[in-house]
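Read the structure below first, then the notes.
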Amino acid sequence: EYVIDNGQLILAEEAKIDRNDRGYHFGDGLYEVIRIYDGKPFTMTMHLDRFAASAKKLDMSLPMTMDQLESLLEQLIEKNQLEDGIVYVQMTRGVSQRNHLYSRSETAVITGYSQEMPAKKELLKNGIDVWVTDDIRWLRCDIKTINLLGNVMAKREAADHDCHEAVMHRDGMVTEGSSSNLFLIKDNILYTHPATNLILNGITRQVVIQIAKELGYEVIEEAFPKDVIEHADEAFITSTTSEVTPIKQFKGQVEASLEIGPITRQLQEAFEQRK
Ligand code: PMP
């Protein structure tokens with residue numbers, strides 16, 4: 001099993017993380033999760049572009065070129081003979097004595113691994129329950145930072161209520177899931193939060209919006225209040241690992257039971273084709 005450690009491909013048991021890494025002290029870093037289908041990365045370029053964009057927003061410079069990073073990830077996939085799974089890659093602001101103030105001279109540290117992950121067929125077919133709760137996160141949710149406490153808290157709360165995912169709202173306006181984006185469907189129109197600072201602009205979200213438009217559906221990227229959820233015809237979440245997963249029930253601050261409808265199925269099928 002190979003991993004990426006400090007920008008190099010090495011055996012997992014040889015990997016060493018410095019205890020003074022700013023990732024440990026401050027969660028000062030960013031990451032990406034890329035899906036691999038049949039040994040091939042899916043939407044790799046979009047993920048790498050977002051990685052570079054997150055770095056820029058965090059005032060971090062990459063210790064290698066994007067081409068070098070891409071080739072490193074490809075080597076990781078090949079060396080581990082990954083067929084269906086994910087590649088995780090992260091970059092922290094390097095190693096220095098603990099200090100809130102960062103200097104721009106430390107070299108960022110890139111680490112990563114791959115993991116087999118077959119499609120979650122049961123969830124894709126039968127859907128999930130979601131827990132509606134407050135979005136307590138900061139105001140730069142557009143950055144894919146490893147600093148995920150708000151998301152982590154929401155996910156635990158959802159699981160404690162037997163829900164698979166948390167759906168969050170800020171002052172009553174629905175933002176996204178703890179690790180996914182949310183779509184509602186009403187009268188053949190798709191609704192999802194716009195790609196502002198309040199959500200992560202999911203790659204799967206972008207792919208699904210494109211697919212929906214190609215299929216002739218209108219997609220409205222506008223924030224909606226949590227109270228409209230109970231009037232939705234269908235709902236689903238999207239993410240790299242959950243693809244297009246139907247929602248069968250909302251619990252908590254919104255109570256609603258939904259049928260898994262034809263448009264969700266059509267989008268799942270079209271997504272499958274695109275893989
Ligand atoms: N929102 C949040 C908060 C996430 O953590 C994720 C996935 N990590 C997503 C949305 C979905 O993004 P993607 O489709 O790029 O996986």
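Ligands are numbered from 1 in the order shown, residues from 1 within each chain, and chains are lettered A, B, ... in the order they appear in the structure tokens.
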Extract, using only C-alpha atoms, all DNA, RNA and protein residues at most 7 Å from segment 229-244 of chain A, discarding same-chain residues fewer than 6 positions from it, and format them as an NGL selection string. :A and (34-35 or 180-186 or 202 or 204-205 or 256 or 258-261 or 268)
Output N, CA and C atoms for every residue in the selection just made, as an mmCIF file, in the first residue's frame.
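Contents of selection00.cif, as written:
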```cif
data_model
loop_
_atom_site.group_PDB
_atom_site.id
_atom_site.type_symbol
_atom_site.label_atom_id
_atom_site.label_comp_id
_atom_site.auth_asym_id
_atom_site.auth_seq_id
_atom_site.Cartn_x
_atom_site.Cartn_y
_atom_site.Cartn_z
ATOM 1 N N ILE A 34 -11.249 12.536 -4.728
ATOM 2 C CA ILE A 34 -11.514 12.282 -6.150
ATOM 3 C C ILE A 34 -11.955 10.831 -6.318
ATOM 4 N N ARG A 35 -13.010 10.630 -7.090
ATOM 5 C CA ARG A 35 -13.541 9.279 -7.290
ATOM 6 C C ARG A 35 -12.821 8.587 -8.446
ATOM 7 N N SER A 180 -22.193 17.138 1.637
ATOM 8 C CA SER A 180 -22.894 16.969 0.361
ATOM 9 C C SER A 180 -23.675 18.231 0.026
ATOM 10 N N ASN A 181 -24.120 18.338 -1.201
ATOM 11 C CA ASN A 181 -25.024 19.413 -1.602
ATOM 12 C C ASN A 181 -26.445 18.874 -1.676
ATOM 13 N N LEU A 182 -27.414 19.769 -1.522
ATOM 14 C CA LEU A 182 -28.820 19.362 -1.498
ATOM 15 C C LEU A 182 -29.582 19.935 -2.694
ATOM 16 N N PHE A 183 -30.436 19.096 -3.266
ATOM 17 C CA PHE A 183 -31.343 19.539 -4.340
ATOM 18 C C PHE A 183 -32.773 19.186 -3.954
ATOM 19 N N LEU A 184 -33.697 20.106 -4.254
ATOM 20 C CA LEU A 184 -35.125 19.810 -4.161
ATOM 21 C C LEU A 184 -35.692 19.841 -5.568
ATOM 22 N N ILE A 185 -36.754 19.085 -5.794
ATOM 23 C CA ILE A 185 -37.470 19.144 -7.072
ATOM 24 C C ILE A 185 -38.942 19.442 -6.791
ATOM 25 N N LYS A 186 -39.463 20.446 -7.504
ATOM 26 C CA LYS A 186 -40.885 20.784 -7.376
ATOM 27 C C LYS A 186 -41.403 21.158 -8.767
ATOM 28 N N GLY A 202 -19.923 21.828 -4.922
ATOM 29 C CA GLY A 202 -19.556 20.437 -5.182
ATOM 30 C C GLY A 202 -19.329 20.163 -6.663
ATOM 31 N N THR A 204 -19.811 17.228 -7.957
ATOM 32 C CA THR A 204 -20.986 16.429 -8.326
ATOM 33 C C THR A 204 -22.183 17.344 -8.567
ATOM 34 N N ARG A 205 -22.337 18.360 -7.707
ATOM 35 C CA ARG A 205 -23.380 19.385 -7.894
ATOM 36 C C ARG A 205 -23.289 19.984 -9.293
ATOM 37 N N ALA A 256 -40.743 15.581 6.928
ATOM 38 C CA ALA A 256 -41.376 15.343 5.626
ATOM 39 C C ALA A 256 -40.976 13.968 5.112
ATOM 40 N N LEU A 258 -40.864 11.665 1.655
ATOM 41 C CA LEU A 258 -40.929 11.852 0.206
ATOM 42 C C LEU A 258 -40.855 10.516 -0.513
ATOM 43 N N GLU A 259 -41.452 10.493 -1.704
ATOM 44 C CA GLU A 259 -41.272 9.342 -2.591
ATOM 45 C C GLU A 259 -39.962 9.554 -3.331
ATOM 46 N N ILE A 260 -39.287 8.464 -3.672
ATOM 47 C CA ILE A 260 -38.125 8.596 -4.553
ATOM 48 C C ILE A 260 -38.687 8.667 -5.967
ATOM 49 N N GLY A 261 -38.554 9.845 -6.566
ATOM 50 C CA GLY A 261 -39.313 10.119 -7.788
ATOM 51 C C GLY A 261 -38.576 9.869 -9.082
ATOM 52 N N GLN A 268 -29.922 9.892 -11.746
ATOM 53 C CA GLN A 268 -29.004 8.819 -11.327
ATOM 54 C C GLN A 268 -28.520 8.032 -12.538
#
```
DSSP says strand (DSSP E or B) for which residues of segment 7-255 of chain A? Put them as a ChimeraX atom specification? /A:8-11,21,29-37,40-41,85-92,95,109-116,128-134,145,165-170,173-177,181-186,189-192,218-221,225,234-239,243-252
Go ahead and save the picked residues with C-alpha atoms, as an mmCIF file, in the first residue's frame.
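Produced file result.cif, reproduced below:
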```cif
data_model
loop_
_atom_site.group_PDB
_atom_site.id
_atom_site.type_symbol
_atom_site.label_atom_id
_atom_site.label_comp_id
_atom_site.auth_asym_id
_atom_site.auth_seq_id
_atom_site.Cartn_x
_atom_site.Cartn_y
_atom_site.Cartn_z
ATOM 1 C CA GLN A 8 6.555 11.669 -2.390
ATOM 2 C CA LEU A 9 5.104 8.264 -3.106
ATOM 3 C CA ILE A 10 6.223 5.910 -0.318
ATOM 4 C CA LEU A 11 5.044 2.793 1.497
ATOM 5 C CA ASP A 21 2.448 20.459 11.099
ATOM 6 C CA GLY A 29 -4.963 23.113 5.234
ATOM 7 C CA LEU A 30 -7.177 22.027 2.380
ATOM 8 C CA TYR A 31 -8.110 18.798 0.639
ATOM 9 C CA GLU A 32 -9.864 17.029 -2.206
ATOM 10 C CA VAL A 33 -11.539 13.649 -2.617
ATOM 11 C CA ILE A 34 -11.514 12.282 -6.150
ATOM 12 C CA ARG A 35 -13.541 9.279 -7.290
ATOM 13 C CA ILE A 36 -11.937 6.502 -9.301
ATOM 14 C CA TYR A 37 -14.196 4.349 -11.502
ATOM 15 C CA LYS A 40 -9.848 6.013 -14.015
ATOM 16 C CA PRO A 41 -10.211 9.287 -12.127
ATOM 17 C CA GLY A 85 -12.522 3.939 -4.837
ATOM 18 C CA ILE A 86 -11.261 7.334 -3.875
ATOM 19 C CA VAL A 87 -8.069 9.289 -3.706
ATOM 20 C CA TYR A 88 -7.706 11.689 -0.778
ATOM 21 C CA VAL A 89 -5.156 14.465 -1.123
ATOM 22 C CA GLN A 90 -4.483 17.256 1.343
ATOM 23 C CA MET A 91 -2.098 20.148 1.692
ATOM 24 C CA THR A 92 -1.242 21.860 4.960
ATOM 25 C CA VAL A 95 5.742 22.768 9.646
ATOM 26 C CA VAL A 109 3.041 19.633 2.932
ATOM 27 C CA ILE A 110 1.120 17.389 0.550
ATOM 28 C CA THR A 111 -0.109 14.013 1.795
ATOM 29 C CA GLY A 112 -2.601 11.555 0.365
ATOM 30 C CA TYR A 113 -3.862 8.012 0.140
ATOM 31 C CA SER A 114 -6.191 5.850 -1.878
ATOM 32 C CA GLN A 115 -8.983 3.620 -0.665
ATOM 33 C CA GLU A 116 -11.223 1.061 -2.314
ATOM 34 C CA ILE A 128 -31.551 8.047 3.076
ATOM 35 C CA ASP A 129 -33.039 9.930 6.011
ATOM 36 C CA VAL A 130 -31.584 13.364 6.736
ATOM 37 C CA TRP A 131 -31.518 15.484 9.886
ATOM 38 C CA VAL A 132 -32.307 19.190 9.547
ATOM 39 C CA THR A 133 -30.209 21.355 11.840
ATOM 40 C CA ASP A 134 -28.526 24.758 12.191
ATOM 41 C CA THR A 145 -10.512 23.267 4.152
ATOM 42 C CA GLU A 165 -26.710 13.039 6.632
ATOM 43 C CA ALA A 166 -27.365 16.462 8.151
ATOM 44 C CA VAL A 167 -29.067 19.153 6.062
ATOM 45 C CA MET A 168 -28.126 22.565 7.400
ATOM 46 C CA HIS A 169 -29.795 25.972 7.329
ATOM 47 C CA ARG A 170 -28.555 29.438 8.207
ATOM 48 C CA MET A 173 -32.296 29.326 4.607
ATOM 49 C CA VAL A 174 -31.087 25.883 3.562
ATOM 50 C CA THR A 175 -27.401 25.737 2.658
ATOM 51 C CA GLU A 176 -26.123 22.174 2.115
ATOM 52 C CA GLY A 177 -25.382 18.825 3.730
ATOM 53 C CA ASN A 181 -25.024 19.413 -1.602
ATOM 54 C CA LEU A 182 -28.820 19.362 -1.498
ATOM 55 C CA PHE A 183 -31.343 19.539 -4.340
ATOM 56 C CA LEU A 184 -35.125 19.810 -4.161
ATOM 57 C CA ILE A 185 -37.470 19.144 -7.072
ATOM 58 C CA LYS A 186 -40.885 20.784 -7.376
ATOM 59 C CA ILE A 189 -37.809 22.323 -11.556
ATOM 60 C CA LEU A 190 -34.614 21.688 -9.587
ATOM 61 C CA TYR A 191 -33.671 24.001 -6.736
ATOM 62 C CA THR A 192 -30.293 24.257 -5.001
ATOM 63 C CA GLU A 218 -34.820 24.120 -15.393
ATOM 64 C CA VAL A 219 -32.355 24.522 -12.509
ATOM 65 C CA ILE A 220 -32.836 27.437 -10.143
ATOM 66 C CA GLU A 221 -29.760 28.238 -8.041
ATOM 67 C CA PRO A 225 -36.291 28.490 3.301
ATOM 68 C CA GLU A 234 -38.385 14.886 -4.637
ATOM 69 C CA ALA A 235 -35.062 15.596 -2.950
ATOM 70 C CA PHE A 236 -31.547 14.241 -3.176
ATOM 71 C CA ILE A 237 -27.988 14.944 -2.085
ATOM 72 C CA THR A 238 -24.875 14.890 -4.244
ATOM 73 C CA SER A 239 -21.215 14.288 -3.471
ATOM 74 C CA GLU A 243 -23.157 10.456 -6.158
ATOM 75 C CA VAL A 244 -26.914 11.164 -6.485
ATOM 76 C CA THR A 245 -28.521 9.742 -3.322
ATOM 77 C CA PRO A 246 -32.298 10.118 -2.892
ATOM 78 C CA ILE A 247 -33.775 11.453 0.345
ATOM 79 C CA LYS A 248 -36.791 9.578 1.649
ATOM 80 C CA GLN A 249 -37.299 11.441 4.878
ATOM 81 C CA PHE A 250 -36.435 14.770 6.522
ATOM 82 C CA LYS A 251 -36.360 14.742 10.328
ATOM 83 C CA GLY A 252 -35.701 17.263 13.084
#
```
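Taking only C-alpha atoms and all ligand atoms into account, ligand 1 lies nearest to A:Asp49 out of the set A:Glu1, A:Glu157, A:Asp49, A:Glu13.
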Extract, using only C-alpha atoms, all DNA, RNA and protein residues at most 10 Å from Asp18 of chain A, discarding same-chain residues fewer than 5 positions from it, and format them as a list in words.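 So the residues in contact are Asn6, Gly23, Tyr24, Gly94, Val95, Ser96 and Val109 of chain A.
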Keeping only C-alpha atoms, write the selected residues as a PDB file, in the first residue's frame.
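What follows is the written file selection07.pdb:
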```pdb
ATOM      1  CA  ASN A   6       5.523  15.164   1.848  1.00  0.00           C
ATOM      2  CA  GLY A  23      -2.661  20.951   9.962  1.00  0.00           C
ATOM      3  CA  TYR A  24      -2.474  19.495  13.485  1.00  0.00           C
ATOM      4  CA  GLY A  94       3.765  23.229   6.474  1.00  0.00           C
ATOM      5  CA  VAL A  95       5.742  22.768   9.646  1.00  0.00           C
ATOM      6  CA  SER A  96       6.535  25.500  12.156  1.00  0.00           C
ATOM      7  CA  VAL A 109       3.041  19.633   2.932  1.00  0.00           C
TER       8      VAL A 109
END
```
Have a look at A:Phe51, A:Tyr2, A:Phe224, A:Tyr102 and name the one nearest to ligand 1; count only C-alpha atoms and all ligand atoms.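 Nearest to ligand 1: A:Phe51.
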Please compute the atom CA of Ile77 of chain A-atom CA of Leu62 of chain A distance, one decimal, in Å. 21.1 Å
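If you look at atom CA of Pro262 of chain A and atom CA of Asn188 of chain A, they are 10.0 Å away from each other.
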Between A:Met46, A:Leu124, A:Met64, A:Leu82, which one has atoms that come closest to ligand 1, using only C-alpha atoms and all ligand atoms? A:Met46
Select from segment 62-251 of chain A everything DSSP, run on the backbone, classes as alpha helix (DSSP H), then give the selection as a PyMOL selection string. chain A and resi 66-79+121-126+149-160+203-214
Could you write out that same residue set with C-alpha atoms as a compact mmCIF listing (two decimals), in the first residue's frame?
```txt
# COMPACT_ATOMS: atom_id res chain seq x y z
CA MET A 66 -0.48 21.14 -10.78
CA ASP A 67 0.83 18.83 -13.53
CA GLN A 68 3.24 17.25 -11.06
CA LEU A 69 0.43 16.83 -8.54
CA GLU A 70 -1.80 15.21 -11.13
CA SER A 71 0.93 12.79 -12.13
CA LEU A 72 1.62 11.97 -8.47
CA LEU A 73 -2.06 11.07 -7.97
CA GLU A 74 -2.04 8.97 -11.13
CA GLN A 75 1.02 7.09 -9.88
CA LEU A 76 -0.70 6.48 -6.55
CA ILE A 77 -3.74 4.98 -8.32
CA GLU A 78 -1.51 2.82 -10.50
CA LYS A 79 0.83 1.61 -7.74
CA LYS A 121 -25.90 0.47 -3.94
CA GLU A 122 -28.40 0.07 -1.12
CA LEU A 123 -28.44 3.81 -0.34
CA LEU A 124 -28.59 4.77 -4.01
CA LYS A 125 -31.60 2.50 -4.45
CA ASN A 126 -33.55 3.01 -1.23
CA LEU A 149 -15.68 20.98 12.99
CA GLY A 150 -19.08 22.43 12.10
CA ASN A 151 -19.60 19.65 9.54
CA VAL A 152 -18.36 16.99 11.95
CA MET A 153 -20.72 18.16 14.72
CA ALA A 154 -23.69 18.18 12.34
CA LYS A 155 -22.90 14.67 11.04
CA ARG A 156 -22.72 13.25 14.58
CA GLU A 157 -26.02 14.93 15.48
CA ALA A 158 -27.62 13.39 12.38
CA ALA A 159 -26.29 9.92 13.19
CA ASP A 160 -27.56 10.24 16.78
CA ILE A 203 -18.11 18.92 -8.33
CA THR A 204 -20.99 16.43 -8.33
CA ARG A 205 -23.38 19.38 -7.89
CA GLN A 206 -21.89 21.00 -11.00
CA VAL A 207 -22.04 17.77 -13.00
CA VAL A 208 -25.67 17.14 -11.96
CA ILE A 209 -26.72 20.71 -12.83
CA GLN A 210 -25.19 20.23 -16.27
CA ILE A 211 -26.87 16.84 -16.76
CA ALA A 212 -30.26 18.21 -15.63
CA LYS A 213 -30.02 21.10 -18.07
CA GLU A 214 -29.04 18.74 -20.89
```
Which residue out of A:Asp135, A:Ile263, A:Asn20, A:Asp171 has the minimum interatomic distance to Gly216 of chain A when only C-alpha atoms are used?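 Closest to Gly216 of chain A, using only C-alpha atoms: A:Ile263.
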Please indicate the distance in Å from atom CA of Tyr217 of chain A to atom CA of Thr43 of chain A, rounded to one decimal place.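 Distance reported for this atom pair: 22.4 Å.
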Nearest residue to ligand 1 from the set A:Arg104, A:His47, A:Arg140, A:His193 (distances using only C-alpha atoms and all ligand atoms):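 Closest to ligand 1 of all the choices is A:His47.
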